[in-house]
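Listing of target.cif, mmCIF, C-alpha atoms
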```cif
data_final
#
loop_
_atom_site.group_PDB
_atom_site.id
_atom_site.type_symbol
_atom_site.label_atom_id
_atom_site.label_comp_id
_atom_site.auth_asym_id
_atom_site.auth_seq_id
_atom_site.Cartn_x
_atom_site.Cartn_y
_atom_site.Cartn_z
ATOM 1 C CA MET A 16 123.301 32.300 123.348
ATOM 2 C CA LYS A 17 125.819 33.854 125.727
ATOM 3 C CA ILE A 18 124.930 37.206 127.232
ATOM 4 C CA GLU A 19 127.851 39.329 128.414
ATOM 5 C CA ILE A 20 127.154 41.662 131.287
ATOM 6 C CA LYS A 21 129.521 44.594 131.485
ATOM 7 C CA LYS A 22 130.461 45.957 134.853
ATOM 8 C CA PRO A 23 130.080 49.702 135.176
ATOM 9 C CA THR A 24 133.400 51.499 135.079
ATOM 10 C CA LEU A 25 134.431 54.264 137.467
ATOM 11 C CA SER A 26 134.212 56.883 134.718
ATOM 12 C CA ALA A 27 130.710 55.720 133.834
ATOM 13 C CA LEU A 28 129.643 55.934 137.468
ATOM 14 C CA GLN A 29 131.117 59.426 137.706
ATOM 15 C CA GLU A 30 129.232 60.466 134.568
ATOM 16 C CA ASP A 31 125.992 59.096 136.029
ATOM 17 C CA LYS A 32 126.683 60.922 139.279
ATOM 18 C CA GLU A 33 127.309 64.182 137.443
ATOM 19 C CA ALA A 34 124.102 63.656 135.479
ATOM 20 C CA VAL A 35 122.004 63.861 138.653
ATOM 21 C CA ILE A 36 123.821 66.789 140.253
ATOM 22 C CA GLY A 37 121.349 69.467 141.323
ATOM 23 C CA PRO A 38 121.631 73.106 140.244
ATOM 24 C CA TRP A 39 122.849 74.343 143.624
ATOM 25 C CA LYS A 40 125.557 71.684 143.791
ATOM 26 C CA MET A 41 126.619 72.537 140.258
ATOM 27 C CA ILE A 42 126.879 76.203 141.244
ATOM 28 C CA TRP A 43 129.068 75.229 144.211
ATOM 29 C CA ILE A 44 131.305 73.057 141.976
ATOM 30 C CA ARG A 45 131.757 75.914 139.515
ATOM 31 C CA LEU A 46 132.408 78.338 142.358
ATOM 32 C CA ARG A 47 134.938 76.005 143.955
ATOM 33 C CA GLU A 48 136.876 75.703 140.695
ATOM 34 C CA ASN A 49 137.211 79.482 140.439
ATOM 35 C CA LYS A 50 140.454 80.526 142.142
ATOM 36 C CA MET A 51 139.459 84.176 142.329
ATOM 37 C CA ALA A 52 136.239 83.196 144.106
ATOM 38 C CA LEU A 53 138.187 81.125 146.639
ATOM 39 C CA THR A 54 140.478 84.104 147.222
ATOM 40 C CA GLY A 55 137.464 86.313 147.850
ATOM 41 C CA LEU A 56 135.906 83.746 150.184
ATOM 42 C CA ILE A 57 139.129 83.493 152.217
ATOM 43 C CA ILE A 58 139.470 87.276 152.554
ATOM 44 C CA MET A 59 135.806 87.681 153.476
ATOM 45 C CA GLY A 60 136.052 84.781 155.931
ATOM 46 C CA VAL A 61 138.987 86.445 157.695
ATOM 47 C CA ILE A 62 137.172 89.807 157.855
ATOM 48 C CA ILE A 63 134.021 88.193 159.271
ATOM 49 C CA PHE A 64 136.061 86.180 161.784
ATOM 50 C CA ILE A 65 137.991 89.140 163.201
ATOM 51 C CA SER A 66 134.815 91.258 163.295
ATOM 52 C CA VAL A 67 132.706 88.663 165.086
ATOM 53 C CA PHE A 68 135.410 87.639 167.552
ATOM 54 C CA ALA A 69 136.748 91.169 168.133
ATOM 55 C CA PRO A 70 136.083 91.014 171.928
ATOM 56 C CA PHE A 71 138.354 87.955 172.164
ATOM 57 C CA LEU A 72 141.093 89.318 169.896
ATOM 58 C CA THR A 73 141.750 92.570 171.739
ATOM 59 C CA PRO A 74 141.807 93.389 175.452
ATOM 60 C CA TYR A 75 140.742 97.006 174.971
ATOM 61 C CA ASP A 76 137.339 98.666 175.015
ATOM 62 C CA PRO A 77 136.618 100.597 171.786
ATOM 63 C CA TYR A 78 134.936 103.394 173.799
ATOM 64 C CA GLN A 79 137.454 103.679 176.672
ATOM 65 C CA TYR A 80 139.227 107.048 176.774
ATOM 66 C CA ASP A 81 142.788 107.614 177.954
ATOM 67 C CA PHE A 82 143.885 111.196 177.307
ATOM 68 C CA GLY A 83 147.409 110.413 178.487
ATOM 69 C CA ILE A 84 148.198 108.404 175.343
ATOM 70 C CA THR A 85 146.474 110.376 172.583
ATOM 71 C CA PHE A 86 147.806 110.102 169.018
ATOM 72 C CA GLN A 87 150.443 107.531 169.893
ATOM 73 C CA ALA A 88 152.201 105.902 166.961
ATOM 74 C CA PRO A 89 151.944 102.114 166.488
ATOM 75 C CA SER A 90 153.818 100.170 169.180
ATOM 76 C CA MET A 91 153.924 96.712 170.718
ATOM 77 C CA LYS A 92 151.214 97.725 173.177
ATOM 78 C CA HIS A 93 148.993 99.411 170.606
ATOM 79 C CA TRP A 94 149.683 97.774 167.253
ATOM 80 C CA LEU A 95 147.914 100.482 165.232
ATOM 81 C CA GLY A 96 148.461 103.333 167.669
ATOM 82 C CA THR A 97 145.780 105.413 169.360
ATOM 83 C CA ASP A 98 143.376 108.151 168.286
ATOM 84 C CA GLU A 99 142.634 111.635 169.621
ATOM 85 C CA MET A 100 140.895 110.162 172.664
ATOM 86 C CA GLY A 101 143.625 107.659 173.473
ATOM 87 C CA ARG A 102 141.521 104.694 172.313
ATOM 88 C CA ASP A 103 143.270 101.663 170.877
ATOM 89 C CA TYR A 104 142.895 102.017 167.118
ATOM 90 C CA LEU A 105 143.105 98.340 166.220
ATOM 91 C CA THR A 106 140.183 97.708 168.546
ATOM 92 C CA ARG A 107 138.198 100.494 166.889
ATOM 93 C CA ILE A 108 138.859 98.998 163.456
ATOM 94 C CA LEU A 109 137.818 95.497 164.525
ATOM 95 C CA TYR A 110 134.574 96.754 166.053
ATOM 96 C CA GLY A 111 134.081 99.080 163.080
ATOM 97 C CA GLY A 112 134.072 96.029 160.821
ATOM 98 C CA ARG A 113 131.061 94.749 162.733
ATOM 99 C CA ILE A 114 129.082 97.920 162.086
ATOM 100 C CA SER A 115 130.094 98.209 158.424
ATOM 101 C CA MET A 116 129.141 94.581 157.765
ATOM 102 C CA GLN A 117 125.830 95.054 159.575
ATOM 103 C CA VAL A 118 125.028 98.100 157.454
ATOM 104 C CA GLY A 119 125.895 96.227 154.254
ATOM 105 C CA LEU A 120 123.924 93.104 155.201
ATOM 106 C CA PHE A 121 120.811 94.932 156.427
ATOM 107 C CA SER A 122 120.781 97.344 153.479
ATOM 108 C CA VAL A 123 121.036 94.464 151.021
ATOM 109 C CA THR A 124 118.240 92.623 152.848
ATOM 110 C CA VAL A 125 115.958 95.662 152.469
ATOM 111 C CA ALA A 126 116.898 96.098 148.795
ATOM 112 C CA ILE A 127 116.459 92.387 148.009
ATOM 113 C CA GLY A 128 113.101 92.263 149.801
ATOM 114 C CA LEU A 129 111.733 95.315 147.998
ATOM 115 C CA GLY A 130 113.222 94.362 144.626
ATOM 116 C CA ALA A 131 111.944 90.778 144.726
ATOM 117 C CA LEU A 132 108.482 91.789 145.940
ATOM 118 C CA ILE A 133 107.969 94.675 143.514
ATOM 119 C CA GLY A 134 109.586 92.850 140.591
ATOM 120 C CA GLY A 135 107.514 89.725 141.257
ATOM 121 C CA ILE A 136 104.216 91.609 141.459
ATOM 122 C CA SER A 137 105.044 93.751 138.440
ATOM 123 C CA GLY A 138 106.079 90.817 136.264
ATOM 124 C CA TYR A 139 103.187 88.573 137.265
ATOM 125 C CA TYR A 140 100.297 90.995 136.922
ATOM 126 C CA GLY A 141 101.608 93.266 134.174
ATOM 127 C CA GLY A 142 99.249 95.944 132.829
ATOM 128 C CA TRP A 143 98.709 99.136 134.820
ATOM 129 C CA ILE A 144 100.277 97.620 137.971
ATOM 130 C CA ASP A 145 103.474 96.957 136.027
ATOM 131 C CA ASN A 146 103.442 100.467 134.568
ATOM 132 C CA ILE A 147 103.021 102.185 137.928
ATOM 133 C CA LEU A 148 105.658 100.119 139.756
ATOM 134 C CA MET A 149 108.223 100.382 136.968
ATOM 135 C CA ARG A 150 107.693 104.123 136.596
ATOM 136 C CA VAL A 151 108.288 104.564 140.328
ATOM 137 C CA GLY A 152 111.469 102.502 139.989
ATOM 138 C CA GLU A 153 112.595 104.605 137.035
ATOM 139 C CA VAL A 154 112.056 107.816 138.990
ATOM 140 C CA ILE A 155 114.218 106.516 141.850
ATOM 141 C CA SER A 156 116.859 105.232 139.406
ATOM 142 C CA SER A 157 116.998 108.615 137.650
ATOM 143 C CA LEU A 158 117.987 110.348 140.879
ATOM 144 C CA PRO A 159 121.750 110.511 141.516
ATOM 145 C CA PHE A 160 122.244 108.005 144.317
ATOM 146 C CA MET A 161 124.860 109.666 146.507
ATOM 147 C CA PRO A 162 123.578 113.290 146.354
ATOM 148 C CA PHE A 163 120.042 112.055 147.046
ATOM 149 C CA ALA A 164 121.245 109.861 149.927
ATOM 150 C CA ILE A 165 123.188 112.807 151.341
ATOM 151 C CA THR A 166 120.104 115.031 151.142
ATOM 152 C CA ILE A 167 117.838 112.507 152.872
ATOM 153 C CA SER A 168 120.434 111.794 155.544
ATOM 154 C CA ALA A 169 120.945 115.498 156.209
ATOM 155 C CA VAL A 170 117.201 116.224 156.420
ATOM 156 C CA LEU A 171 116.179 113.197 158.483
ATOM 157 C CA GLY A 172 119.406 112.941 160.465
ATOM 158 C CA ALA A 173 118.642 116.123 162.363
ATOM 159 C CA ARG A 174 115.399 114.575 163.651
ATOM 160 C CA VAL A 175 116.867 111.191 164.582
ATOM 161 C CA LYS A 176 118.757 110.406 167.760
ATOM 162 C CA GLU A 177 122.460 109.736 167.388
ATOM 163 C CA GLU A 178 122.120 106.103 168.462
ATOM 164 C CA HIS A 179 119.452 105.517 165.799
ATOM 165 C CA LYS A 180 121.373 106.987 162.854
ATOM 166 C CA LEU A 181 122.815 103.555 162.120
ATOM 167 C CA TYR A 182 119.352 102.223 161.269
ATOM 168 C CA LEU A 183 118.519 105.346 159.275
ATOM 169 C CA ILE A 184 121.557 104.798 157.042
ATOM 170 C CA MET A 185 120.625 101.138 156.533
ATOM 171 C CA ILE A 186 117.089 102.041 155.463
ATOM 172 C CA ILE A 187 118.191 104.893 153.178
ATOM 173 C CA ILE A 188 120.719 102.736 151.309
ATOM 174 C CA GLY A 189 118.306 99.813 151.060
ATOM 175 C CA THR A 190 115.310 101.788 149.824
ATOM 176 C CA LEU A 191 117.359 103.534 147.128
ATOM 177 C CA SER A 192 118.942 100.319 145.782
ATOM 178 C CA TRP A 193 115.969 98.155 144.747
ATOM 179 C CA PRO A 194 114.940 99.424 141.253
ATOM 180 C CA GLY A 195 117.670 97.618 139.302
ATOM 181 C CA LEU A 196 116.919 94.294 140.969
ATOM 182 C CA ALA A 197 113.163 94.780 140.547
ATOM 183 C CA ARG A 198 113.576 95.229 136.801
ATOM 184 C CA LEU A 199 115.754 92.114 136.602
ATOM 185 C CA ILE A 200 113.245 90.008 138.568
ATOM 186 C CA ARG A 201 110.377 91.411 136.490
ATOM 187 C CA GLY A 202 112.082 90.215 133.299
ATOM 188 C CA GLN A 203 112.558 86.735 134.740
ATOM 189 C CA ILE A 204 108.954 86.533 135.947
ATOM 190 C CA LEU A 205 107.610 87.641 132.552
ATOM 191 C CA SER A 206 109.237 84.611 130.935
ATOM 192 C CA LEU A 207 108.493 82.180 133.766
ATOM 193 C CA ARG A 208 104.784 82.937 134.055
ATOM 194 C CA GLU A 209 104.177 81.503 130.569
ATOM 195 C CA GLN A 210 105.782 78.150 131.424
ATOM 196 C CA GLU A 211 103.804 74.906 131.709
ATOM 197 C CA PHE A 212 104.245 74.617 135.474
ATOM 198 C CA MET A 213 102.441 77.941 135.923
ATOM 199 C CA GLN A 214 99.576 76.736 133.767
ATOM 200 C CA ALA A 215 99.381 73.644 135.980
ATOM 201 C CA ALA A 216 99.371 75.858 139.087
ATOM 202 C CA THR A 217 96.491 77.886 137.631
ATOM 203 C CA ALA A 218 94.570 74.698 136.843
ATOM 204 C CA LEU A 219 95.011 73.548 140.451
ATOM 205 C CA GLY A 220 93.518 76.807 141.724
ATOM 206 C CA ILE A 221 96.631 78.026 143.532
ATOM 207 C CA SER A 222 96.369 81.642 144.693
ATOM 208 C CA ASP A 223 98.385 84.403 143.071
ATOM 209 C CA ARG A 224 100.377 84.971 146.248
ATOM 210 C CA LYS A 225 101.511 81.349 146.385
ATOM 211 C CA LYS A 226 102.290 81.358 142.681
ATOM 212 C CA ILE A 227 104.618 84.330 143.126
ATOM 213 C CA VAL A 228 106.203 83.316 146.443
ATOM 214 C CA LYS A 229 106.439 79.523 146.063
ATOM 215 C CA HIS A 230 106.731 78.973 142.311
ATOM 216 C CA LEU A 231 108.092 82.068 140.556
ATOM 217 C CA LEU A 232 110.490 83.743 142.992
ATOM 218 C CA PRO A 233 112.349 80.488 143.896
ATOM 219 C CA ASN A 234 113.385 80.288 140.244
ATOM 220 C CA THR A 235 115.145 83.653 140.624
ATOM 221 C CA TYR A 236 117.138 82.811 143.776
ATOM 222 C CA GLY A 237 120.373 82.591 141.826
ATOM 223 C CA TYR A 238 119.988 86.148 140.551
ATOM 224 C CA LEU A 239 118.983 87.339 144.018
ATOM 225 C CA ILE A 240 122.127 85.853 145.566
ATOM 226 C CA VAL A 241 124.385 87.415 142.949
ATOM 227 C CA ASN A 242 122.711 90.798 143.357
ATOM 228 C CA ALA A 243 122.978 90.518 147.146
ATOM 229 C CA THR A 244 126.735 89.949 147.065
ATOM 230 C CA LEU A 245 127.418 92.798 144.651
ATOM 231 C CA GLY A 246 124.910 95.048 146.426
ATOM 232 C CA MET A 247 126.605 94.502 149.770
ATOM 233 C CA ALA A 248 129.851 95.922 148.405
ATOM 234 C CA GLY A 249 127.987 98.996 147.182
ATOM 235 C CA ALA A 250 126.251 99.403 150.544
ATOM 236 C CA ILE A 251 129.569 99.320 152.419
ATOM 237 C CA MET A 252 130.980 101.940 150.065
ATOM 238 C CA SER A 253 127.875 104.116 150.432
ATOM 239 C CA GLU A 254 127.990 103.924 154.232
ATOM 240 C CA SER A 255 131.700 104.788 154.191
ATOM 241 C CA ALA A 256 131.087 107.812 151.962
ATOM 242 C CA LEU A 257 128.192 109.101 154.091
ATOM 243 C CA SER A 258 130.131 108.568 157.325
ATOM 244 C CA PHE A 259 133.191 110.295 155.850
ATOM 245 C CA LEU A 260 131.006 113.315 155.089
ATOM 246 C CA GLY A 261 129.657 113.286 158.642
ATOM 247 C CA LEU A 262 126.162 112.239 157.542
ATOM 248 C CA GLY A 263 126.406 108.549 158.352
ATOM 249 C CA VAL A 264 126.840 106.605 161.562
ATOM 250 C CA ALA A 265 127.640 109.110 164.285
ATOM 251 C CA PRO A 266 130.759 108.767 166.479
ATOM 252 C CA PRO A 267 131.708 107.370 168.916
ATOM 253 C CA VAL A 268 130.236 104.293 167.212
ATOM 254 C CA PRO A 269 133.144 103.129 165.024
ATOM 255 C CA THR A 270 132.722 102.281 161.351
ATOM 256 C CA TRP A 271 135.401 102.120 158.708
ATOM 257 C CA GLY A 272 133.846 105.164 157.073
ATOM 258 C CA ASN A 273 133.902 107.515 160.045
ATOM 259 C CA LEU A 274 137.366 106.288 161.049
ATOM 260 C CA ILE A 275 138.693 107.727 157.783
ATOM 261 C CA LEU A 276 137.350 111.095 158.904
ATOM 262 C CA TYR A 277 140.817 111.730 160.303
ATOM 263 C CA ALA A 278 142.153 111.899 156.744
ATOM 264 C CA ARG A 279 140.377 115.252 156.270
ATOM 265 C CA ASP A 280 143.035 116.826 158.469
ATOM 266 C CA MET A 281 146.122 117.546 156.327
ATOM 267 C CA TYR A 282 148.493 117.071 159.270
ATOM 268 C CA THR A 283 146.978 113.653 160.019
ATOM 269 C CA LEU A 284 147.005 112.785 156.340
ATOM 270 C CA MET A 285 150.744 113.412 156.146
ATOM 271 C CA TYR A 286 152.093 112.473 159.574
ATOM 272 C CA ARG A 287 149.568 110.062 161.115
ATOM 273 C CA PRO A 288 148.878 107.492 158.393
ATOM 274 C CA TRP A 289 147.929 104.834 160.964
ATOM 275 C CA LEU A 290 144.662 106.710 161.512
ATOM 276 C CA TRP A 291 143.360 106.384 157.933
ATOM 277 C CA VAL A 292 145.379 103.775 156.009
ATOM 278 C CA PRO A 293 144.216 100.652 157.979
ATOM 279 C CA PRO A 294 140.448 101.380 157.729
ATOM 280 C CA GLY A 295 140.923 102.274 154.061
ATOM 281 C CA ILE A 296 142.637 98.935 153.466
ATOM 282 C CA CYS A 297 139.792 97.163 155.276
ATOM 283 C CA ILE A 298 137.205 98.808 153.017
ATOM 284 C CA PHE A 299 139.272 97.941 149.948
ATOM 285 C CA LEU A 300 139.679 94.287 150.934
ATOM 286 C CA ALA A 301 136.010 93.888 151.899
ATOM 287 C CA VAL A 302 134.732 95.400 148.644
ATOM 288 C CA LEU A 303 137.308 93.473 146.584
ATOM 289 C CA SER A 304 136.433 90.129 148.159
ATOM 290 C CA ILE A 305 132.681 90.694 147.774
ATOM 291 C CA ASN A 306 133.089 91.662 144.120
ATOM 292 C CA LEU A 307 135.243 88.593 143.446
ATOM 293 C CA ILE A 308 132.590 86.371 145.012
ATOM 294 C CA GLY A 309 129.785 88.157 143.177
ATOM 295 C CA ASP A 310 131.480 87.884 139.774
ATOM 296 C CA ALA A 311 132.159 84.181 140.334
ATOM 297 C CA LEU A 312 128.562 83.606 141.423
ATOM 298 C CA ARG A 313 127.302 85.385 138.324
ATOM 299 C CA ASP A 314 129.373 83.069 136.132
ATOM 300 C CA ALA A 315 128.272 80.002 138.106
ATOM 301 C CA VAL A 316 124.577 80.873 138.040
ATOM 302 C CA ASP A 317 124.492 81.807 134.348
ATOM 303 C CA PRO A 318 123.723 78.555 132.454
ATOM 304 C CA LYS A 319 125.121 80.070 129.240
ATOM 305 C CA SER A 320 128.551 80.752 130.732
ATOM 306 C CA ASN A 321 131.306 78.984 128.855
ATOM 307 C CA ARG A 322 133.252 77.022 131.452
#
```
For this file, write the structure as structure tokens.
Amino acid sequence: MKIEIKKPTLSALQEDKEAVIGPWKMIWIRLRENKMALTGLIIMGVIIFISVFAPFLTPYDPYQYDFGITFQAPSMKHWLGTDEMGRDYLTRILYGGRISMQVGLFSVTVAIGLGALIGGISGYYGGWIDNILMRVGEVISSLPFMPFAITISAVLGARVKEEHKLYLIMIIIGTLSWPGLARLIRGQILSLREQEFMQAATALGISDRKKIVKHLLPNTYGYLIVNATLGMAGAIMSESALSFLGLGVAPPVPTWGNLILYARDMYTLMYRPWLWVPPGICIFLAVLSINLIGDALRDAVDPKSNR
């Protein structure tokens, strides 16, 4: 009896390789195939690059005054002109990107930490703990975000030193942004805690803290990442709005929000567009790129998405 042994074909090997692809690699493959996501990644990469390497991209100091060249129009020496203090405006925008990104990243970190912790505890324990935590989240969600943030910033800002207002804005935005994420994580935990692996963890005598931190929350990382990307765009917009109203990061520290303060002057709005158009474009591009990445991540993470 002759036994024929078939050699594995390339397509068969590729199918076997795809069969063992992990979830994170599959998310990256889906993300890489999304052209809009790649566009967002490129734009965000450029913004991060010019913000991080701002000291090497411009020879000027963002805080150096020169009253002899105030309100100069864009030229070869000052590509985006100068402001009312004679400071190079391109330099201010590059350094302002650093601050705006820091505010967005730190605010999202606070919101993700609170949302994951509260949502995990609420979903795991349920009962009266769930009721109390979710009611607190509903109270915060019922408050109009921007008016409430303005009120807190105005009340606390008067008691905080100017150099510390940056951290105050980060904390305000972060602590007002967690309820939506907490409810999402709670829903995931409610379904995960009934799975077989949690029953096995209970049988092994694993503590509640380890169950939540090491077994339940890791299964929600995809949702946390998506929420972090979309939340960062909202944090940048919130910081810009507060700074535009004079309740955010205090000058002379540059942020894209307080740089647009010049647009409140009608003369500047009409005859000095270099003072408000470039930072406005930076905010637009940053928020657009983050939203493109967040939408693509949401499609990549969702196992029911039709690709």
task: With a distance cut-off of 10 Å and all atoms listed in the file, select the neighbouring residues of range 268-283 of chain A, excluding the residue or stretch itself and same-chain residues fewer than 4 positions from it, and output the selection as a ChimeraX atom specification.
output: /A:77-78,86,98-99,104,106-116,118,177-178,181,251-264,287-298
- prompt: Please, what distance in Å, to one decimal, runs between CA of Lys226 in chain A and CA of Leu245 in chain A?
  reply: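 CA of Leu245 in chain A lies 27.7 Å from CA of Lys226 in chain A.
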task: Considering all atoms listed in the file, return as number ranges by chain whatever protein or nucleic-acid residues lie within 10 Å of Ser137 in chain A, sequence-local ones (same chain, fewer than 3 positions apart) excluded.
output: A: 131-134, 140-149, 197-198, 200-202, 204-205
task: Please return, as a PyMOL selection string, all polymer residues that have at least one atom within 9 Å of the point (135.3, 84.7, 148.6); use all atoms listed in the file and the file's own coordinate frame.
output: chain A and resi 51-60+304-309+311
Residues near Leu171 in chain A, cut-off 12 Å, all atoms listed in the file, skip fewer than 2 positions along chain, as a list of chain:residue names: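 Counting all atoms listed in the file, the residues come to A:Ala164, A:Ile165, A:Thr166, A:Ile167, A:Ser168, A:Ala169, A:Ala173, A:Arg174, A:Val175, A:Lys176, A:Glu177, A:His179, A:Lys180, A:Tyr182, A:Leu183, A:Ile184, A:Ile186, A:Ile187, A:Leu262, A:Gly263.
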query: Within 8 Å of Asp103 in chain A, counting all atoms listed in the file, which residues qualify if same-chain residues fewer than 5 places away don't, as a VMD selection string?
result: chain A and resid 75 to 77 93 95 to 98
Nearest candidate to Val125 in chain A (options A:Ile188, A:Ala301, A:Val67, A:Met285; using all atoms listed in the file): A:Ile188
field: Straight-line distance linking CA of Ser122 in chain A with CA of Val241 in chain A, stated in Å to one decimal
entry: 14.9 Å
- prompt: Of the candidates A:Val316, A:Ala88, A:Ile63, A:Leu158, which shows the shortest atom-to-atom distance to Gly237 in chain A, using all atoms listed in the file?
  reply: A:Val316
task: Rounded to one decimal place, report the CA of Ile221 in chain A-CA of Ile240 in chain A distance in Å.
output: 26.7 Å
field: Spatial neighbours of Ser192 in chain A, 9 Å, all atoms listed in the file, chain gap at least 5 places, as a list in words
entry: Ser122, Val123, Val125, Ala126, Ile127, Gly130, Ile155, Ser156, Phe160, Ile187, Gly246 and Ala250 of chain A
Just need the box for range 267-277 of chain A, edges along x, y and z, holding every atom the file lists for it with 3 Å tacked onto each side, so centre and edge lengths in Å to one decimal, as AutoDock Vina command-line options.
```
--center_x 135.5 --center_y 106.9 --center_z 163.0 --size_x 16.6 --size_y 15.6 --size_z 17.8
```
message: Around the point (111.4, 85.7, 143.3) (coordinates from the file), which residues reach within 6 Å if we count only C-alpha atoms? Answer as number ranges by chain.
response: A: 131, 135, 231-233, 235
task: Choose the residue, out of A:Val302, A:Leu105, A:Val154, A:Met185, that has the smallest atom-to-atom separation from Ala248 in chain A; count all atoms listed in the file.
output: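 Answer, going by the shortest atom-to-atom distance: A:Val302.
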For range 220-236 of chain A, where the input has fewer atoms than it should, I would like N, CA and C atoms rebuilt and written as an mmCIF file, keeping the file's coordinate frame.
```
data_model
loop_
_atom_site.group_PDB
_atom_site.id
_atom_site.type_symbol
_atom_site.label_atom_id
_atom_site.label_comp_id
_atom_site.auth_asym_id
_atom_site.auth_seq_id
_atom_site.Cartn_x
_atom_site.Cartn_y
_atom_site.Cartn_z
ATOM 1 N N GLY A 220 94.178 75.789 140.913
ATOM 2 C CA GLY A 220 93.518 76.807 141.724
ATOM 3 C C GLY A 220 94.399 77.438 142.773
ATOM 4 N N ILE A 221 95.698 77.420 142.570
ATOM 5 C CA ILE A 221 96.631 78.026 143.532
ATOM 6 C C ILE A 221 96.507 79.546 143.474
ATOM 7 N N SER A 222 96.541 80.186 144.623
ATOM 8 C CA SER A 222 96.369 81.642 144.693
ATOM 9 C C SER A 222 97.563 82.355 144.068
ATOM 10 N N ASP A 223 97.315 83.610 143.688
ATOM 11 C CA ASP A 223 98.385 84.403 143.071
ATOM 12 C C ASP A 223 99.569 84.572 144.011
ATOM 13 N N ARG A 224 99.281 84.776 145.298
ATOM 14 C CA ARG A 224 100.377 84.971 146.248
ATOM 15 C C ARG A 224 101.288 83.747 146.304
ATOM 16 N N LYS A 225 100.705 82.563 146.342
ATOM 17 C CA LYS A 225 101.511 81.349 146.385
ATOM 18 C C LYS A 225 102.246 81.112 145.065
ATOM 19 N N LYS A 226 101.605 81.492 143.973
ATOM 20 C CA LYS A 226 102.290 81.358 142.681
ATOM 21 C C LYS A 226 103.570 82.192 142.654
ATOM 22 N N ILE A 227 103.458 83.427 143.155
ATOM 23 C CA ILE A 227 104.618 84.330 143.126
ATOM 24 C C ILE A 227 105.676 83.877 144.122
ATOM 25 N N VAL A 228 105.249 83.593 145.362
ATOM 26 C CA VAL A 228 106.203 83.316 146.443
ATOM 27 C C VAL A 228 106.800 81.916 146.340
ATOM 28 N N LYS A 229 105.977 80.909 146.003
ATOM 29 C CA LYS A 229 106.439 79.523 146.063
ATOM 30 C C LYS A 229 106.848 78.935 144.714
ATOM 31 N N HIS A 230 106.445 79.567 143.613
ATOM 32 C CA HIS A 230 106.731 78.973 142.311
ATOM 33 C C HIS A 230 107.583 79.870 141.414
ATOM 34 N N LEU A 231 107.358 81.176 141.447
ATOM 35 C CA LEU A 231 108.092 82.068 140.556
ATOM 36 C C LEU A 231 109.391 82.581 141.185
ATOM 37 N N LEU A 232 109.300 83.173 142.370
ATOM 38 C CA LEU A 232 110.490 83.743 142.992
ATOM 39 C C LEU A 232 111.582 82.713 143.281
ATOM 40 N N PRO A 233 111.264 81.470 143.704
ATOM 41 C CA PRO A 233 112.349 80.488 143.896
ATOM 42 C C PRO A 233 113.182 80.240 142.652
ATOM 43 N N ASN A 234 112.625 80.454 141.480
ATOM 44 C CA ASN A 234 113.385 80.288 140.244
ATOM 45 C C ASN A 234 114.328 81.460 139.970
ATOM 46 N N THR A 235 114.263 82.493 140.797
ATOM 47 C CA THR A 235 115.145 83.653 140.624
ATOM 48 C C THR A 235 116.159 83.756 141.763
ATOM 49 N N TYR A 236 116.250 82.736 142.621
ATOM 50 C CA TYR A 236 117.138 82.811 143.776
ATOM 51 C C TYR A 236 118.593 83.027 143.368
#
```
